[in-house]
file upload-v3.cif (mmCIF, C-alpha atoms)
data_query
#
loop_
_atom_site.label_atom_id
_atom_site.label_comp_id
_atom_site.auth_asym_id
_atom_site.auth_seq_id
_atom_site.Cartn_x
_atom_site.Cartn_y
_atom_site.Cartn_z
CA MET A 258 15.09 -47.83 55.05
CA LYS A 259 15.44 -44.13 55.76
CA ASN A 260 12.85 -41.78 54.25
CA LEU A 261 11.13 -44.48 52.26
CA HIS A 262 8.12 -42.27 51.62
CA LEU A 263 10.25 -39.50 50.16
CA LYS A 264 12.08 -41.93 47.90
CA LEU A 265 8.83 -43.49 46.76
CA PHE A 266 7.35 -40.07 46.03
CA PHE A 267 10.30 -39.03 43.87
CA ALA A 268 10.39 -42.41 42.15
CA VAL A 269 6.74 -42.01 41.16
CA HIS A 270 7.33 -38.40 40.13
CA LEU A 271 10.23 -39.37 37.87
CA LEU A 272 8.11 -42.17 36.41
CA PHE A 273 5.54 -39.54 35.39
CA VAL A 274 8.32 -37.40 33.92
CA PHE A 275 9.56 -40.41 31.95
CA VAL A 276 6.12 -41.43 30.66
CA GLY A 277 5.24 -37.84 29.76
CA SER A 278 8.50 -37.20 27.93
CA ASN A 279 7.20 -39.04 24.84
CA LEU A 280 10.28 -41.21 24.66
CA PHE A 281 8.01 -44.03 23.65
CA GLU A 282 4.61 -43.67 22.03
CA TYR A 283 1.52 -44.85 23.79
CA LYS A 284 -2.11 -44.49 22.85
CA SER A 285 -3.78 -45.07 26.17
CA LYS A 286 -6.43 -42.68 27.39
CA THR A 287 -6.13 -44.21 30.84
CA ILE A 288 -2.45 -43.26 31.07
CA ASP A 289 -3.23 -39.80 29.69
CA SER A 290 -5.96 -39.32 32.26
CA ILE A 291 -3.36 -39.82 34.99
CA VAL A 292 -0.24 -38.23 33.49
CA LEU A 293 -1.80 -35.02 32.12
CA PRO A 294 -3.52 -33.89 35.35
CA TYR A 295 -0.34 -34.71 37.27
CA ALA A 296 1.70 -32.68 34.77
CA SER A 297 -0.67 -29.72 35.01
CA TYR A 298 0.05 -29.40 38.75
CA THR A 299 3.73 -30.31 38.92
CA GLY A 300 5.22 -29.62 35.50
CA GLY A 301 6.51 -33.19 35.42
CA GLY A 302 5.06 -35.12 32.51
CA PHE A 303 5.25 -32.76 29.56
CA GLY A 304 7.03 -33.67 26.37
CA TYR A 305 10.30 -32.08 25.42
CA SER A 306 9.58 -31.84 21.71
CA PHE A 307 10.91 -28.29 21.59
CA PHE A 308 14.40 -29.79 21.44
CA SER A 309 13.66 -32.02 18.49
CA PRO A 310 12.49 -33.25 16.05
CA ASN A 311 9.31 -31.20 15.96
CA VAL A 312 11.01 -27.86 15.54
CA GLY A 313 9.06 -26.32 12.71
CA ASN A 314 9.93 -23.46 10.42
CA GLN A 315 9.96 -19.95 11.85
CA THR A 316 6.60 -18.34 11.19
CA VAL A 317 6.45 -14.56 10.99
CA VAL A 318 3.70 -12.00 10.54
CA LYS A 319 4.62 -8.93 8.53
CA VAL A 320 2.31 -5.95 8.94
CA TYR A 321 2.22 -2.84 6.72
CA THR A 322 0.13 -0.11 8.31
CA LEU A 323 -0.90 3.12 6.63
CA LYS A 324 -0.73 5.66 9.44
CA SER A 325 -2.78 8.83 9.79
CA ASP A 326 0.10 10.97 8.43
CA LYS A 327 0.05 8.83 5.23
CA THR A 328 3.33 7.14 6.05
CA LEU A 329 3.74 3.41 5.80
CA ARG A 330 4.86 1.59 8.93
CA GLN A 331 6.25 -1.92 8.76
CA ASP A 332 6.17 -4.26 11.77
CA ALA A 333 7.10 -7.90 12.12
CA PHE A 334 5.85 -10.35 14.75
CA GLY A 335 7.32 -13.74 15.53
CA THR A 336 10.93 -12.67 15.18
CA GLY A 337 11.67 -13.16 18.88
CA THR A 338 12.88 -9.63 19.60
CA SER A 339 11.01 -9.42 22.93
CA MET A 340 9.15 -11.70 25.31
CA PHE A 341 5.83 -10.58 23.83
CA ASP A 342 7.08 -11.24 20.33
CA SER A 343 8.48 -14.66 21.29
CA ARG A 344 5.18 -15.68 22.85
CA PHE A 345 3.27 -14.39 19.86
CA GLY A 346 5.61 -16.42 17.66
CA ALA A 347 4.89 -19.52 19.75
CA ALA A 348 1.14 -19.05 19.20
CA ILE A 349 1.30 -18.55 15.43
CA HIS A 350 3.70 -21.47 15.24
CA THR A 351 1.19 -23.76 16.95
CA PHE A 352 -1.72 -23.10 14.59
CA ARG A 353 -0.90 -24.14 11.11
CA ASN A 354 -4.10 -23.69 9.17
CA ARG A 355 -5.79 -20.92 7.21
CA LYS A 356 -8.60 -20.27 9.69
CA ALA A 357 -6.17 -19.82 12.55
CA TYR A 358 -3.94 -17.53 10.48
CA GLU A 359 -6.98 -15.44 9.62
CA LEU A 360 -7.99 -15.20 13.28
CA MET A 361 -4.47 -14.28 14.35
CA SER A 362 -4.30 -11.68 11.58
CA ARG A 363 -7.46 -10.04 12.88
CA ILE A 364 -5.91 -9.88 16.35
CA VAL A 365 -2.73 -8.38 14.90
CA ALA A 366 -4.79 -5.84 12.95
CA SER A 367 -6.67 -4.74 16.08
CA TYR A 368 -3.32 -4.52 17.89
CA VAL A 369 -1.70 -2.24 15.28
CA PHE A 370 -4.82 -0.09 15.00
CA ALA A 371 -4.64 0.46 18.76
CA LYS A 372 -0.88 1.02 18.57
CA TYR A 373 -1.15 3.63 15.77
CA PRO A 374 -4.29 5.70 16.46
CA GLY A 375 -5.79 7.15 13.31
CA SER A 376 -4.40 4.45 11.04
CA ALA A 377 -6.98 3.02 8.68
CA ILE A 378 -5.52 0.17 6.64
CA ALA A 379 -3.26 -2.72 7.59
CA HIS A 380 -1.95 -5.28 5.14
CA ILE A 381 -0.88 -8.50 6.81
CA SER A 382 1.30 -11.22 5.40
CA VAL A 383 1.83 -14.47 7.30
CA GLY A 384 4.66 -16.63 6.08
CA GLU A 385 7.29 -19.06 7.12
CA TYR A 386 10.99 -19.31 6.53
CA GLN A 387 11.72 -22.75 5.15
CA VAL A 388 15.15 -23.97 6.01
CA PRO A 389 16.89 -26.47 3.72
CA THR A 390 17.38 -30.10 4.73
CA VAL A 391 20.75 -31.14 6.08
CA THR A 392 21.44 -32.88 2.77
CA ALA A 393 20.71 -29.67 0.83
CA TYR A 394 22.73 -27.68 3.32
CA ARG A 395 25.72 -29.94 2.71
CA LEU A 396 25.36 -29.24 -1.01
CA ASN A 397 25.59 -25.51 -0.23
CA GLN A 398 21.91 -24.90 -0.95
CA SER A 399 21.69 -23.22 2.41
CA ALA A 400 19.49 -20.17 1.92
CA ALA A 401 16.17 -20.11 3.80
CA THR A 402 13.22 -19.15 1.62
CA TYR A 403 10.15 -17.15 2.68
CA ARG A 404 6.84 -18.72 1.73
CA GLU A 405 3.67 -16.71 2.23
CA VAL A 406 0.85 -18.82 3.69
CA TYR A 407 -1.79 -16.15 4.26
CA THR A 408 -2.39 -12.56 3.31
CA GLY A 409 -5.16 -10.11 4.07
CA THR A 410 -5.99 -6.42 4.16
CA TYR A 411 -7.89 -5.02 7.12
CA THR A 412 -9.62 -1.70 7.63
CA GLN A 413 -10.89 -0.01 10.76
CA MET B 283 44.05 -17.96 56.95
CA LYS B 284 40.86 -19.95 56.87
CA SER B 285 39.71 -20.83 53.36
CA PHE B 286 36.16 -20.08 52.31
CA GLN B 287 33.94 -23.11 52.32
CA LEU B 288 30.42 -23.38 51.02
CA LYS B 289 27.84 -24.75 53.40
CA PRO B 290 26.54 -28.28 52.79
CA GLY B 291 23.46 -28.06 50.61
CA PHE B 292 24.54 -24.84 48.86
CA GLN B 293 23.09 -26.40 45.68
CA LEU B 294 19.62 -25.88 47.16
CA ALA B 295 20.36 -22.18 47.65
CA ILE B 296 21.54 -21.94 44.03
CA LEU B 297 18.32 -23.61 42.89
CA ARG B 298 16.21 -21.24 45.00
CA MET B 299 18.00 -18.09 43.87
CA GLY B 300 18.19 -19.16 40.24
CA VAL B 301 14.47 -19.91 40.09
CA ALA B 302 13.63 -16.64 41.86
CA ILE B 303 15.76 -14.64 39.40
CA ALA B 304 14.16 -16.44 36.44
CA VAL B 305 10.69 -15.58 37.77
CA MET B 306 11.70 -11.94 38.28
CA LEU B 307 13.07 -11.71 34.72
CA LYS B 308 9.84 -13.23 33.40
CA ILE B 309 7.79 -10.65 35.31
CA PHE B 310 10.02 -7.81 34.11
CA ALA B 311 9.75 -8.96 30.48
CA GLU B 312 5.98 -9.46 30.53
CA PHE B 313 4.57 -6.81 32.86
CA ASN B 314 3.89 -4.16 30.19
CA ASP B 315 2.16 -6.63 27.88
CA LEU B 316 0.04 -8.56 30.37
CA ASP B 317 -3.25 -7.51 28.76
CA MET B 318 -2.14 -8.62 25.31
CA LEU B 319 -0.65 -11.86 26.58
CA TYR B 320 -2.96 -13.11 29.28
CA SER B 321 -6.33 -11.43 29.07
CA GLN B 322 -9.32 -12.80 27.22
CA GLN B 323 -9.10 -9.86 24.81
CA GLY B 324 -5.44 -10.49 24.10
CA ILE B 325 -3.59 -12.68 21.60
CA ILE B 326 -5.33 -15.83 22.79
CA GLN B 327 -8.89 -14.69 23.12
CA GLY B 328 -11.62 -16.44 25.07
CA VAL B 329 -12.94 -17.95 21.86
CA LEU B 330 -9.72 -19.97 21.63
CA SER B 331 -8.71 -20.50 25.24
CA LYS B 332 -12.08 -21.65 26.60
CA PRO B 333 -12.68 -24.60 24.24
CA MET B 334 -9.12 -25.76 24.89
CA ALA B 335 -9.39 -25.52 28.66
CA VAL B 336 -9.44 -28.76 30.62
CA LYS B 337 -11.48 -29.24 33.77
CA TYR B 338 -8.77 -30.69 35.96
CA ALA B 339 -6.20 -27.92 35.53
CA LEU B 340 -6.03 -24.72 37.54
CA ALA B 341 -5.97 -22.06 34.82
CA LEU B 342 -6.18 -18.26 34.69
CA PRO B 343 -9.20 -17.96 32.31
CA LEU B 344 -11.20 -20.40 34.43
CA LEU B 345 -10.38 -18.39 37.53
CA THR B 346 -11.48 -15.06 36.00
CA ASP B 347 -14.73 -16.69 34.89
CA PHE B 348 -15.33 -18.38 38.22
CA PHE B 349 -14.91 -15.17 40.23
CA HIS B 350 -16.63 -13.03 37.53
CA ILE B 351 -13.62 -10.75 37.27
CA HIS B 352 -14.42 -7.95 34.83
CA ASN B 353 -11.34 -5.77 35.25
CA GLU B 354 -8.75 -8.19 33.92
CA HIS B 355 -6.09 -5.47 33.69
CA LEU B 356 -6.27 -4.83 37.44
CA PHE B 357 -6.46 -8.55 38.25
CA LEU B 358 -3.42 -9.39 36.13
CA SER B 359 -1.43 -6.46 37.53
CA ILE B 360 -2.16 -7.48 41.13
CA THR B 361 -1.41 -11.14 40.36
CA TYR B 362 1.96 -10.22 38.87
CA LEU B 363 2.75 -7.90 41.78
CA VAL B 364 2.09 -10.78 44.19
CA PHE B 365 4.23 -12.95 41.89
CA GLY B 366 7.04 -10.40 42.18
CA VAL B 367 6.81 -10.11 45.97
CA ALA B 368 6.85 -13.91 46.32
CA ALA B 369 9.85 -14.17 43.98
CA SER B 370 11.73 -11.52 45.99
CA ALA B 371 10.99 -13.38 49.22
CA LEU B 372 12.16 -16.61 47.58
CA LEU B 373 15.39 -14.96 46.46
CA VAL B 374 16.39 -14.07 50.01
CA GLY B 375 14.88 -17.22 51.47
CA TYR B 376 12.14 -15.62 53.55
CA GLN B 377 9.23 -18.01 54.14
CA SER B 378 10.75 -20.05 51.34
CA ARG B 379 8.15 -22.77 51.12
CA ILE B 380 5.19 -20.37 51.09
CA SER B 381 6.95 -18.08 48.59
CA ALA B 382 7.74 -21.04 46.32
CA PHE B 383 4.13 -22.22 46.57
CA VAL B 384 2.76 -18.80 45.57
CA CYS B 385 5.16 -18.61 42.62
CA LEU B 386 4.27 -22.17 41.60
CA VAL B 387 0.52 -21.56 41.70
CA ILE B 388 0.68 -18.30 39.70
CA HIS B 389 3.02 -19.77 37.10
CA MET B 390 0.83 -22.89 36.92
CA MET B 391 -2.32 -20.84 36.30
CA VAL B 392 -0.68 -18.82 33.54
CA PHE B 393 0.95 -21.88 31.97
CA ASN B 394 -2.20 -24.00 32.00
CA GLY B 395 -4.40 -21.15 30.78
CA TYR B 396 -2.17 -19.92 28.00
CA ASN B 397 0.04 -22.86 27.08
CA LEU B 398 -0.27 -21.88 23.42
CA LEU B 399 2.01 -18.97 24.29
CA ALA B 400 4.44 -21.11 26.27
CA PHE B 401 7.80 -22.39 25.19
CA GLY B 402 10.58 -24.49 26.70
CA PHE B 403 11.54 -21.90 29.31
CA ASP B 404 8.07 -22.06 30.86
CA GLY B 405 8.06 -25.85 31.05
CA PHE B 406 11.42 -25.95 32.79
CA LEU B 407 10.47 -23.11 35.12
CA PHE B 408 7.32 -25.04 36.05
CA SER B 409 9.33 -28.16 36.93
CA LEU B 410 11.96 -26.19 38.83
CA LEU B 411 9.33 -24.27 40.80
CA PHE B 412 7.83 -27.60 41.82
CA TYR B 413 11.23 -28.83 43.03
CA THR B 414 11.84 -25.50 44.79
CA PHE B 415 8.55 -26.00 46.62
CA VAL B 416 9.25 -29.63 47.55
CA PHE B 417 12.94 -29.38 48.44
CA PRO B 418 13.98 -27.62 51.70
CA VAL B 419 15.53 -24.66 49.88
CA GLY B 420 15.18 -22.34 52.88
CA LYS B 421 17.74 -24.25 54.94
CA VAL B 422 20.87 -22.84 53.33
CA TYR B 423 21.90 -19.21 52.82
CA ALA B 424 18.40 -18.03 53.62
CA VAL B 425 16.65 -15.60 55.96
CA ASP B 426 14.70 -18.59 57.29
CA GLU B 427 17.99 -20.20 58.31
CA MET B 428 19.33 -17.00 59.94
CA MET B 429 16.12 -16.63 61.94
CA GLY B 430 16.53 -20.18 63.22
CA ARG B 431 13.31 -21.41 61.68
CA THR B 432 14.92 -24.44 60.07
CA GLY B 433 17.41 -27.09 60.99
CA PRO B 434 20.41 -28.23 58.96
CA VAL B 435 20.02 -30.10 55.68
CA ASP B 436 19.98 -33.87 56.01
CA THR B 437 22.97 -35.00 53.94
CA GLU B 438 21.34 -38.24 52.83
CA ASN B 439 18.23 -36.40 51.66
CA LEU B 440 20.40 -33.83 49.90
CA LYS B 441 21.91 -36.62 47.79
CA LEU B 442 18.39 -37.74 46.92
CA TYR B 443 17.31 -34.22 45.87
CA LEU B 444 20.34 -33.80 43.64
CA LEU B 445 19.82 -37.27 42.18
CA VAL B 446 16.22 -36.42 41.31
CA LEU B 447 17.32 -33.26 39.48
CA GLN B 448 20.07 -35.16 37.66
CA LEU B 449 17.70 -37.93 36.59
CA HIS B 450 15.11 -35.42 35.39
CA LEU B 451 17.72 -33.65 33.28
CA CYS B 452 19.01 -37.00 31.96
CA MET B 453 15.49 -37.82 30.76
CA VAL B 454 15.20 -34.50 28.98
CA TYR B 455 18.47 -35.01 27.13
CA LEU B 456 17.77 -38.69 26.47
CA THR B 457 14.43 -37.76 24.90
CA ALA B 458 16.06 -35.09 22.75
CA GLY B 459 18.90 -37.43 21.77
CA VAL B 460 16.60 -40.31 20.78
CA SER B 461 14.37 -37.93 18.78
CA LYS B 462 17.34 -36.52 16.95
CA SER B 463 18.55 -39.98 15.96
CA GLY B 464 15.55 -40.38 13.61
CA GLN B 465 15.61 -39.80 9.86
CA ASP B 466 13.52 -36.61 10.12
CA TRP B 467 16.28 -34.83 11.95
CA MET B 468 19.34 -36.47 10.43
CA GLY B 469 18.17 -35.80 6.84
#
call {"tool": "encode", "arguments": {"input": "upload-v3.cif", "output": "structure tokens"}}
result
Amino acid sequence: MKNLHLKLFFAVHLLFVFVGSNLFEYKSKTIDSIVLPYASYTGGGFGYSFFSPNVGNQTVVKVYTLKSDKTLRQDAFGTGTSMFDSRFGAAIHTFRNRKAYELMSRIVASYVFAKYPGSAIAHISVGEYQVPTVTAYRLNQSAATYREVYTGTYTQ
Amino acid sequence: MKSFQLKPGFQLAILRMGVAIAVMLKIFAEFNDLDMLYSQQGIIQGVLSKPMAVKYALALPLLTDFFHIHNEHLFLSITYLVFGVAASALLVGYQSRISAFVCLVIHMMVFNGYNLLAFGFDGFLFSLLFYTFVFPVGKVYAVDEMMGRTGPVDTENLKLYLLVLQLHLCMVYLTAGVSKSGQDWMG
């Protein structure tokens, strides 16, 4: 059989991709100890949950900064307007607890203080847009609602 | 008049060029924010990234610690410049396998070190960089081919490469389809 080694290699690779895709649930640390290191070097063996069903609500961070000229500046992070913003959105989306939101808010505060030199106060609001269920959507209750999950005021 | 015909294995050239362009766009989009994204004083600070790091994976924070790199700004800038040079070489097919390997290793280090910042694009790019490294992408429409460094693409192997890509994509869509068939998504 021609190129048996190559075929075997790809067969094993695709097996890792299949096992790592989370198509079926397994709770074996032994399998994890093989699949995860393999995935970390080849990219084959990660789940594809970003397609579904674990697509959570969009989480955004709204920042109100009082600048040195006494004007109020409003910024939003997590809206996906740039690569930086998309990646920031991915991070705040991953952590879904108060401690993490507080930590991320501190990082955002230090970022805006560096961005607007002389600014002294930043008010930060972390919230998520909750989309309706498909059933509610069919009943024309389609508006997404903003729910604040954390708020804090930071000074330099 | 002779009609234009694509060379056998042109799909490999498309893969190589597509991946190289994706890497270049990633570099272009991230270069000005490297410190905020991938330094230990950035969005994901050392206090978060270090406890989550795993021993077996090659990751950027582990590398900066291991080599005691203090000037992360300079290190990240040089790393991304190398990334860009390798992606450019990959685009034209110059030293394709080495270029693909360099791109794969840099992307791998960033992905493993800061996977909290990653999304679907990064996962797919990781997989495609691996295939670009493994497949003989420098054999078609490449500088390597013009310089006579490589032979022609084996047609039987080409079928295998394309089959592997197709099966991988099938698994992705099958996973998404099965997940979406559950009550969580349908309701």
call {"tool": "atom_distance", "arguments": {"input": "upload-v3.cif", "atom1": "atom CA of B:Leu411", "atom2": "atom CA of B:Ile296"}}
result
12.8 Å
call {"tool": "resolve_selection", "arguments": {"input": "upload-v3.cif", "expression": "the PyMOL selection byres ((chain A and resi 369) around 12)", "output": "ChimeraX atom specification"}}
result
/A:319-324,330-334,362-368,370-381,411-413 /B:318
call {"tool": "residues_around", "arguments": {"input": "upload-v3.cif", "residues": "B:Tyr413", "least_positions_apart": "3", "cutoff": "10 Å", "atoms": "all atoms listed in the file", "output": "list in words"}}
result
Thr299, Gly300 and Gly301 of chain A; Leu294, Leu297, Arg298, Val301, Ala382, Leu386, Leu407, Phe408, Ser409, Leu410, Val416, Phe417, Pro418, Val419, Tyr443, Val446 and Leu447 of chain B
call {"tool": "atom_distance", "arguments": {"input": "upload-v3.cif", "atom1": "atom CA of A:Thr390", "atom2": "atom CA of A:Val317"}}
result
20.0 Å
call {"tool": "closest_atom_pairs", "arguments": {"input": "upload-v3.cif", "of": "chain B", "to": "chain A", "cutoff": "6 Å", "atoms": "all atoms listed in the file", "output": "JSON lines"}}
result
{"residue": "B:Ala311", "atom": "CA", "partner": "A:Met340", "partner_atom": "CA", "distance": 5.9}
{"residue": "B:Ala339", "atom": "CA", "partner": "A:Ser297", "partner_atom": "CA", "distance": 5.8}
{"residue": "B:Leu398", "atom": "CA", "partner": "A:Ala348", "partner_atom": "CA", "distance": 5.3}
{"residue": "B:Leu399", "atom": "CA", "partner": "A:Arg344", "partner_atom": "CA", "distance": 4.8}
{"residue": "B:Phe408", "atom": "CA", "partner": "A:Gly300", "partner_atom": "CA", "distance": 5.1}
{"residue": "B:Ser409", "atom": "CA", "partner": "A:Gly300", "partner_atom": "CA", "distance": 4.6}
{"residue": "B:Phe412", "atom": "CA", "partner": "A:Thr299", "partner_atom": "CA", "distance": 5.7}
{"residue": "B:Thr457", "atom": "CA", "partner": "A:Leu280", "partner_atom": "CA", "distance": 5.4}
{"residue": "B:Ala458", "atom": "CA", "partner": "A:Phe308", "partner_atom": "CA", "distance": 5.7}
{"residue": "B:Ser461", "atom": "CA", "partner": "A:Pro310", "partner_atom": "CA", "distance": 5.7}
{"residue": "B:Lys462", "atom": "CA", "partner": "A:Pro310", "partner_atom": "CA", "distance": 5.9}
{"residue": "B:Trp467", "atom": "CA", "partner": "A:Pro310", "partner_atom": "CA", "distance": 5.8}
{"residue": "B:Gly469", "atom": "CA", "partner": "A:Val391", "partner_atom": "CA", "distance": 5.4}
